[in-house]
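Visitor: Got a structure for you, data_25.cif, holding mmCIF, C-alpha atoms.
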```cif
data_target
loop_
_atom_site.label_atom_id
_atom_site.label_comp_id
_atom_site.auth_asym_id
_atom_site.auth_seq_id
_atom_site.Cartn_x
_atom_site.Cartn_y
_atom_site.Cartn_z
CA MET W 1 13.47 23.62 -79.40
CA LYS W 2 11.39 25.04 -76.52
CA ARG W 3 9.74 21.66 -76.01
CA VAL W 4 13.12 19.86 -75.79
CA SER W 5 14.39 22.41 -73.26
CA PHE W 6 11.25 21.96 -71.16
CA VAL W 7 11.60 18.16 -71.20
CA ILE W 8 15.28 18.39 -70.19
CA LEU W 9 14.38 20.80 -67.38
CA CYS W 10 11.70 18.39 -66.13
CA VAL W 11 14.11 15.46 -66.21
CA VAL W 12 16.75 17.42 -64.30
CA ALA W 13 14.16 18.49 -61.71
CA LEU W 14 13.00 14.89 -61.30
CA VAL W 15 16.58 13.67 -60.82
CA VAL W 16 17.20 16.35 -58.17
CA VAL W 17 14.06 15.35 -56.28
CA VAL W 18 14.77 11.62 -56.48
CA PHE W 19 18.37 11.91 -55.33
CA SER W 20 17.85 14.68 -52.80
CA GLY W 21 18.86 13.75 -49.27
CA GLU W 22 15.74 15.39 -47.93
CA THR W 23 13.32 13.26 -49.87
CA CYS W 24 10.97 11.39 -47.59
CA MET W 25 9.18 8.26 -48.69
CA VAL W 26 5.95 7.57 -46.84
CA GLU W 27 4.29 4.21 -46.90
CA ALA W 28 0.55 4.06 -46.75
CA VAL W 29 -0.84 2.31 -43.69
CA THR W 30 -3.97 0.23 -43.90
CA CYS W 31 -5.78 0.85 -40.64
CA SER W 32 -7.06 -2.43 -39.31
CA PRO W 33 -7.46 -2.96 -35.57
CA ILE W 34 -7.14 -6.72 -36.03
CA GLU W 35 -3.48 -6.03 -36.85
CA LEU W 36 -2.99 -5.32 -33.15
CA SER W 37 -3.92 -8.90 -32.16
CA PRO W 38 -0.27 -9.81 -31.36
CA CYS W 39 -0.58 -7.33 -28.47
CA LEU W 40 -3.57 -8.96 -26.79
CA ALA W 41 -1.52 -11.01 -24.33
CA ALA W 42 0.49 -7.97 -23.19
CA ILE W 43 -2.66 -5.83 -22.90
CA MET W 44 -4.69 -8.44 -21.00
CA MET W 45 -1.80 -9.51 -18.73
CA PRO W 46 0.19 -6.37 -17.83
CA SER W 47 2.98 -8.44 -16.27
CA GLN W 48 3.74 -9.96 -19.68
CA PRO W 49 6.05 -7.82 -21.85
CA PRO W 50 4.98 -7.11 -25.42
CA SER W 51 6.42 -9.36 -28.10
CA ALA W 52 8.52 -8.11 -31.00
CA ALA W 53 5.53 -8.76 -33.28
CA CYS W 54 3.35 -6.61 -31.03
CA CYS W 55 5.83 -3.73 -31.06
CA SER W 56 6.15 -3.97 -34.83
CA LYS W 57 2.38 -3.80 -35.28
CA LEU W 58 2.05 -0.91 -32.82
CA LYS W 59 4.64 1.06 -34.79
CA GLU W 60 2.89 0.21 -38.05
CA GLN W 61 -0.59 1.10 -36.79
CA GLN W 62 0.40 4.21 -34.80
CA PRO W 63 -1.03 6.64 -37.42
CA CYS W 64 -4.38 4.89 -36.94
CA PHE W 65 -4.68 5.25 -33.16
CA CYS W 66 -6.79 8.41 -33.17
CA GLY W 67 -9.15 6.89 -35.71
CA TYR W 68 -9.54 3.83 -33.51
CA ILE W 69 -10.11 5.98 -30.41
CA LYS W 70 -12.76 8.07 -32.18
CA ASP W 71 -14.57 5.00 -33.55
CA PRO W 72 -17.53 4.33 -31.20
CA ALA W 73 -17.21 0.58 -31.79
CA LEU W 74 -13.52 0.56 -30.78
CA LYS W 75 -13.35 3.39 -28.25
CA ARG W 76 -13.99 1.23 -25.18
CA TYR W 77 -11.16 -1.13 -26.18
CA MET W 78 -8.73 1.64 -27.06
CA ASN W 79 -9.33 3.33 -23.69
CA ASN W 80 -7.90 0.30 -21.87
CA PRO W 81 -5.26 1.74 -19.49
CA ASN W 82 -2.81 -1.02 -20.42
CA ILE W 83 -2.59 -0.01 -24.10
CA PRO W 84 -0.52 3.15 -23.46
CA LYS W 85 1.75 1.11 -21.17
CA VAL W 86 2.34 -1.53 -23.83
CA ALA W 87 2.90 1.16 -26.46
CA SER W 88 5.38 2.91 -24.18
CA SER W 89 7.25 -0.36 -23.62
CA CYS W 90 7.63 -0.56 -27.39
CA GLY W 91 8.78 3.04 -27.70
CA VAL W 92 5.58 4.03 -29.49
CA ALA W 93 3.79 7.25 -28.55
CA TYR W 94 0.13 6.79 -27.68
CA PRO W 95 -2.04 9.88 -28.11
CA ARG W 96 -3.49 11.44 -24.98
CA LYS W 97 -5.84 13.59 -27.07
CA CYS W 98 -7.03 13.28 -30.63
#
```
Please express the file's structure as structure tokens.

Guide:
Amino acid sequence: MKRVSFVILCVVALVVVVFSGETCMVEAVTCSPIELSPCLAAIMMPSQPPSAACCSKLKEQQPCFCGYIKDPALKRYMNNPNIPKVASSCGVAYPRKC
């Protein structure tokens, strides 16, 4: 009887968590700087606005920015002064410090 009660309690708890309005689903992001290639035109030519594809990729890759900035192989590219401008145009926060 104790085992059945425990199972029912677990099921009820699971249902509450699944249907709770405060549940937050987080998708894992695969950090890959090549994903930012749709932004190259906007970064290299500041007068050109970023495309929808660029903005989408910036939003997707935003959690990876500090990793890219800290990577010695990518740091010089990520310190391009146009990247924060492009990110800002897309409504994406670009970290000033990591």

Visitor: Selection in question (the file shown): the PyMOL selection byres ((chain W and resi 98) around 10). Which residues does it include, as JSON, numbers by chain?

Guide: {"W": [65, 66, 67, 69, 70, 95, 96, 97]}

Visitor: Write a file of the just-selected residues containing C-alpha atoms, as a PDB file, in the frame of the given file.

Guide:
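Below you can see result30.pdb, which holds the result:
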```pdb
ATOM      1  CA  PHE W  65      -4.680   5.250 -33.160  1.00  0.00           C
ATOM      2  CA  CYS W  66      -6.790   8.410 -33.170  1.00  0.00           C
ATOM      3  CA  GLY W  67      -9.150   6.890 -35.710  1.00  0.00           C
ATOM      4  CA  ILE W  69     -10.110   5.980 -30.410  1.00  0.00           C
ATOM      5  CA  LYS W  70     -12.760   8.070 -32.180  1.00  0.00           C
ATOM      6  CA  PRO W  95      -2.040   9.880 -28.110  1.00  0.00           C
ATOM      7  CA  ARG W  96      -3.490  11.440 -24.980  1.00  0.00           C
ATOM      8  CA  LYS W  97      -5.840  13.590 -27.070  1.00  0.00           C
TER       9      LYS W  97
END
```

Visitor: Fewer than 4 positions away in the same chain doesn't count, so skip those; otherwise give me all residues within 9 Å of Cys31 (chain W), counting all atoms listed in the file, as a count of residues only.

Guide: 7

Visitor: So which one's closest to Met78 (chain W), W:Pro46, W:Gly91, W:Pro33, W:Pro38? Using only C-alpha atoms, please.

Guide: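 Once distances to Met78 (chain W) are computed over only C-alpha atoms, the minimum belongs to W:Pro33.
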
Visitor: At what distance in Å, to one decimal, does CA of Asn80 (chain W) lie from CA of Glu60 (chain W)?

Guide: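 CA of Glu60 (chain W) sits 19.4 Å away from CA of Asn80 (chain W).
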
Visitor: When you draw a straight line from CA of Ala52 (chain W) to CA of Pro72 (chain W), how long is it in Å?

Guide: 28.9 Å

Visitor: What is the CA of Lys59 (chain W) to CA of Ala73 (chain W) distance in Å?

Guide: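 Computing it gives 22.1 Å between the two atoms.
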
Visitor: Would you mind telling me which residue in W:Gln62, W:Ser88, W:Asn82, W:Ser32 lies nearest to Met45 (chain W) when using all atoms listed in the file?

Guide: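 Nearest candidate to Met45 (chain W) out of W:Gln62, W:Ser88, W:Asn82, W:Ser32: W:Asn82.
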
Visitor: Report as a ChimeraX atom specification all protein, DNA and RNA residues lying within 10 Å of Leu40 (chain W), evaluated on all atoms listed in the file, omitting residues in the same chain fewer than 4 positions from it.

Guide: /W:36,44-45,50,54,83,86

Visitor: Next, dump the selected residues to file, keeping only C-alpha atoms, as a JSON list (two decimals), in the frame of the given file.

Guide:
```json
[["chain", "number", "residue", "atom", "x", "y", "z"],
["W", 36, "LEU", "CA", -2.99, -5.32, -33.15],
["W", 44, "MET", "CA", -4.69, -8.44, -21.00],
["W", 45, "MET", "CA", -1.80, -9.51, -18.73],
["W", 50, "PRO", "CA", 4.98, -7.11, -25.42],
["W", 54, "CYS", "CA", 3.35, -6.61, -31.03],
["W", 83, "ILE", "CA", -2.59, -0.01, -24.10],
["W", 86, "VAL", "CA", 2.34, -1.53, -23.83]]
```

Visitor: Find, counting all atoms listed in the file, the residue in W:Tyr77, W:Ala87, W:Thr30, W:Ile43 that gets nearest to Ser56 (chain W).

Guide: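 Checking each candidate against Ser56 (chain W), we get W:Ala87 as the closest.
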